[in-house]
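Undergrad: Please find one structure pasted underneath; my questions will follow.
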Amino acid sequence: MASLWSVDDRATSDLMRSFYGRLPSTNKEEALHRAQLDTLKKYLHPFYWVAFQLTGRAD
């Protein structure tokens, strides 16, 4: 995973906790999607959660 621009540290921390917490039960693509939805609840502006993308395999 990489961000496309410099992002807020707190929002990134929230997103990463959610992302890594979901990895044991789902693939990376779904984990990122769900983490972004979780982050959206706290940080409404897309700037905080849309910058992240996966590279490589999503499984």
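In the structure tokens, chains take the letters A, B, ... in the order shown, each chain's residues start at 1, and ligands count up from 1 in the order shown.
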Could you name the residues that touch Phe19 in chain A at 10 Å or less, counting only C-alpha atoms, but leaving out those on the same chain fewer than 4 positions away, as a PDB file with N, CA and C atoms, in the first residue's frame?
TA:
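Produced file selection_5.pdb, reproduced below:
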```pdb
ATOM      1  N   SER A  13      -3.270   6.670  10.719  1.00  0.00           N
ATOM      2  CA  SER A  13      -3.198   5.705  11.814  1.00  0.00           C
ATOM      3  C   SER A  13      -4.518   4.957  11.970  1.00  0.00           C
ATOM      4  N   ASP A  14      -5.623   5.670  11.925  1.00  0.00           N
ATOM      5  CA  ASP A  14      -6.948   5.033  12.023  1.00  0.00           C
ATOM      6  C   ASP A  14      -7.176   4.073  10.866  1.00  0.00           C
ATOM      7  N   LEU A  15      -6.849   4.517   9.661  1.00  0.00           N
ATOM      8  CA  LEU A  15      -7.043   3.677   8.484  1.00  0.00           C
ATOM      9  C   LEU A  15      -6.178   2.416   8.560  1.00  0.00           C
ATOM     10  N   LEU A  23      -7.106  -7.886   7.935  1.00  0.00           N
ATOM     11  CA  LEU A  23      -6.330  -8.803   7.096  1.00  0.00           C
ATOM     12  C   LEU A  23      -6.453 -10.282   7.466  1.00  0.00           C
ATOM     13  N   PRO A  24      -6.542 -10.639   8.726  1.00  0.00           N
ATOM     14  CA  PRO A  24      -6.658 -12.075   9.016  1.00  0.00           C
ATOM     15  C   PRO A  24      -7.917 -12.731   8.439  1.00  0.00           C
ATOM     16  N   THR A  26      -9.827 -11.389   5.604  1.00  0.00           N
ATOM     17  CA  THR A  26     -10.201 -11.000   4.238  1.00  0.00           C
ATOM     18  C   THR A  26      -8.943 -10.678   3.426  1.00  0.00           C
ATOM     19  N   LYS A  28      -6.524  -8.200   0.887  1.00  0.00           N
ATOM     20  CA  LYS A  28      -6.066  -6.815   1.036  1.00  0.00           C
ATOM     21  C   LYS A  28      -7.013  -5.809   0.399  1.00  0.00           C
ATOM     22  N   GLU A  29      -7.558  -6.163  -0.769  1.00  0.00           N
ATOM     23  CA  GLU A  29      -8.465  -5.247  -1.452  1.00  0.00           C
ATOM     24  C   GLU A  29      -9.701  -4.952  -0.599  1.00  0.00           C
ATOM     25  N   GLU A  30     -10.312  -5.983  -0.079  1.00  0.00           N
ATOM     26  CA  GLU A  30     -11.503  -5.809   0.755  1.00  0.00           C
ATOM     27  C   GLU A  30     -11.142  -5.122   2.072  1.00  0.00           C
ATOM     28  N   ALA A  31     -10.004  -5.468   2.644  1.00  0.00           N
ATOM     29  CA  ALA A  31      -9.574  -4.834   3.891  1.00  0.00           C
ATOM     30  C   ALA A  31      -9.380  -3.336   3.706  1.00  0.00           C
ATOM     31  N   LEU A  32      -8.772  -2.928   2.592  1.00  0.00           N
ATOM     32  CA  LEU A  32      -8.582  -1.503   2.326  1.00  0.00           C
ATOM     33  C   LEU A  32      -9.924  -0.823   2.111  1.00  0.00           C
ATOM     34  N   HIS A  33     -10.795  -1.437   1.351  1.00  0.00           N
ATOM     35  CA  HIS A  33     -12.112  -0.845   1.097  1.00  0.00           C
ATOM     36  C   HIS A  33     -12.864  -0.617   2.413  1.00  0.00           C
ATOM     37  N   ARG A  34     -12.892  -1.630   3.255  1.00  0.00           N
ATOM     38  CA  ARG A  34     -13.588  -1.512   4.551  1.00  0.00           C
ATOM     39  C   ARG A  34     -12.913  -0.493   5.460  1.00  0.00           C
ATOM     40  N   ALA A  35     -11.585  -0.452   5.431  1.00  0.00           N
ATOM     41  CA  ALA A  35     -10.858   0.529   6.238  1.00  0.00           C
ATOM     42  C   ALA A  35     -11.165   1.946   5.773  1.00  0.00           C
ATOM     43  N   GLN A  36     -11.268   2.136   4.466  1.00  0.00           N
ATOM     44  CA  GLN A  36     -11.624   3.458   3.946  1.00  0.00           C
ATOM     45  C   GLN A  36     -13.033   3.848   4.375  1.00  0.00           C
ATOM     46  N   ASP A  38     -14.545   2.824   7.095  1.00  0.00           N
ATOM     47  CA  ASP A  38     -14.447   3.135   8.520  1.00  0.00           C
ATOM     48  C   ASP A  38     -13.894   4.538   8.728  1.00  0.00           C
TER      49      ASP A  38
END
```
Undergrad: At a cut-off of 8 Å, using only C-alpha atoms, what residues contact Leu4 in chain A? Leave out same-chain residues fewer than 5 positions from it and give the result as a list in words.
TA: Ala51, Phe52 and Gln53 of chain A
Undergrad: Give me, as a PDB file with all heavy atoms, in the first residue's frame, all polymer residues having an atom no more than 9 Å from Val7 in chain A, counting only C-alpha atoms and skipping those fewer than 5 positions away in the same chain.
TA:
```pdb
ATOM      1  N   THR A  12      -4.376   8.497   8.928  1.00  0.00           N
ATOM      2  CA  THR A  12      -3.614   7.350   8.432  1.00  0.00           C
ATOM      3  C   THR A  12      -3.515   6.271   9.500  1.00  0.00           C
ATOM      4  O   THR A  12      -3.676   5.083   9.211  1.00  0.00           O
ATOM      5  CB  THR A  12      -2.210   7.783   7.982  1.00  0.00           C
ATOM      6  OG1 THR A  12      -2.350   8.745   6.936  1.00  0.00           O
ATOM      7  CG2 THR A  12      -1.394   6.600   7.488  1.00  0.00           C
ATOM      8  N   PHE A  47      -9.876  13.603   1.146  1.00  0.00           N
ATOM      9  CA  PHE A  47      -8.439  13.846   1.317  1.00  0.00           C
ATOM     10  C   PHE A  47      -7.830  12.885   2.335  1.00  0.00           C
ATOM     11  O   PHE A  47      -6.696  12.439   2.184  1.00  0.00           O
ATOM     12  CB  PHE A  47      -8.207  15.291   1.779  1.00  0.00           C
ATOM     13  CG  PHE A  47      -6.809  15.545   2.271  1.00  0.00           C
ATOM     14  CD1 PHE A  47      -5.780  15.803   1.383  1.00  0.00           C
ATOM     15  CD2 PHE A  47      -6.519  15.514   3.629  1.00  0.00           C
ATOM     16  CE1 PHE A  47      -4.486  16.028   1.837  1.00  0.00           C
ATOM     17  CE2 PHE A  47      -5.231  15.736   4.091  1.00  0.00           C
ATOM     18  CZ  PHE A  47      -4.223  15.997   3.195  1.00  0.00           C
ATOM     19  N   TYR A  48      -8.582  12.543   3.360  1.00  0.00           N
ATOM     20  CA  TYR A  48      -8.056  11.754   4.469  1.00  0.00           C
ATOM     21  C   TYR A  48      -7.978  10.259   4.199  1.00  0.00           C
ATOM     22  O   TYR A  48      -7.248   9.553   4.866  1.00  0.00           O
ATOM     23  CB  TYR A  48      -8.900  11.984   5.725  1.00  0.00           C
ATOM     24  CG  TYR A  48      -8.791  13.384   6.240  1.00  0.00           C
ATOM     25  CD1 TYR A  48      -9.775  14.322   5.960  1.00  0.00           C
ATOM     26  CD2 TYR A  48      -7.696  13.786   6.984  1.00  0.00           C
ATOM     27  CE1 TYR A  48      -9.677  15.625   6.430  1.00  0.00           C
ATOM     28  CE2 TYR A  48      -7.578  15.085   7.450  1.00  0.00           C
ATOM     29  CZ  TYR A  48      -8.577  15.993   7.170  1.00  0.00           C
ATOM     30  OH  TYR A  48      -8.466  17.276   7.625  1.00  0.00           O
ATOM     31  N   TRP A  49      -8.744   9.751   3.260  1.00  0.00           N
ATOM     32  CA  TRP A  49      -8.794   8.297   3.102  1.00  0.00           C
ATOM     33  C   TRP A  49      -8.672   7.789   1.672  1.00  0.00           C
ATOM     34  O   TRP A  49      -8.422   6.622   1.454  1.00  0.00           O
ATOM     35  CB  TRP A  49     -10.080   7.730   3.711  1.00  0.00           C
ATOM     36  CG  TRP A  49     -11.319   8.465   3.310  1.00  0.00           C
ATOM     37  CD1 TRP A  49     -11.893   9.514   3.970  1.00  0.00           C
ATOM     38  CD2 TRP A  49     -12.119   8.229   2.160  1.00  0.00           C
ATOM     39  NE1 TRP A  49     -13.002   9.945   3.288  1.00  0.00           N
ATOM     40  CE2 TRP A  49     -13.173   9.171   2.173  1.00  0.00           C
ATOM     41  CE3 TRP A  49     -12.058   7.313   1.114  1.00  0.00           C
ATOM     42  CZ2 TRP A  49     -14.134   9.222   1.186  1.00  0.00           C
ATOM     43  CZ3 TRP A  49     -13.025   7.363   0.134  1.00  0.00           C
ATOM     44  CH2 TRP A  49     -14.047   8.315   0.188  1.00  0.00           C
ATOM     45  N   ALA A  51      -6.375   8.588  -0.626  1.00  0.00           N
ATOM     46  CA  ALA A  51      -5.011   8.630  -1.177  1.00  0.00           C
ATOM     47  C   ALA A  51      -4.329   7.266  -1.236  1.00  0.00           C
ATOM     48  O   ALA A  51      -3.322   7.116  -1.902  1.00  0.00           O
ATOM     49  CB  ALA A  51      -4.145   9.568  -0.345  1.00  0.00           C
TER      50      ALA A  51
END
```
Undergrad: Extract the full set of strand (DSSP E or B) residues from chain A according to DSSP on the backbone, and format it as an MDAnalysis selection string.
TA: chainID A and resid 2:3 52:53
Undergrad: Run DSSP on the backbone and give me the residues of chain A it puts in helix (DSSP H, G or I), as a count of residues only.
TA: 35
Undergrad: Taking only C-alpha atoms into account, which of A:His45, A:Tyr20, A:Val50, A:Leu37 comes nearest Ser6 in chain A?
TA: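 Using only C-alpha atoms, the shortest distance to Ser6 in chain A belongs to A:Val50.
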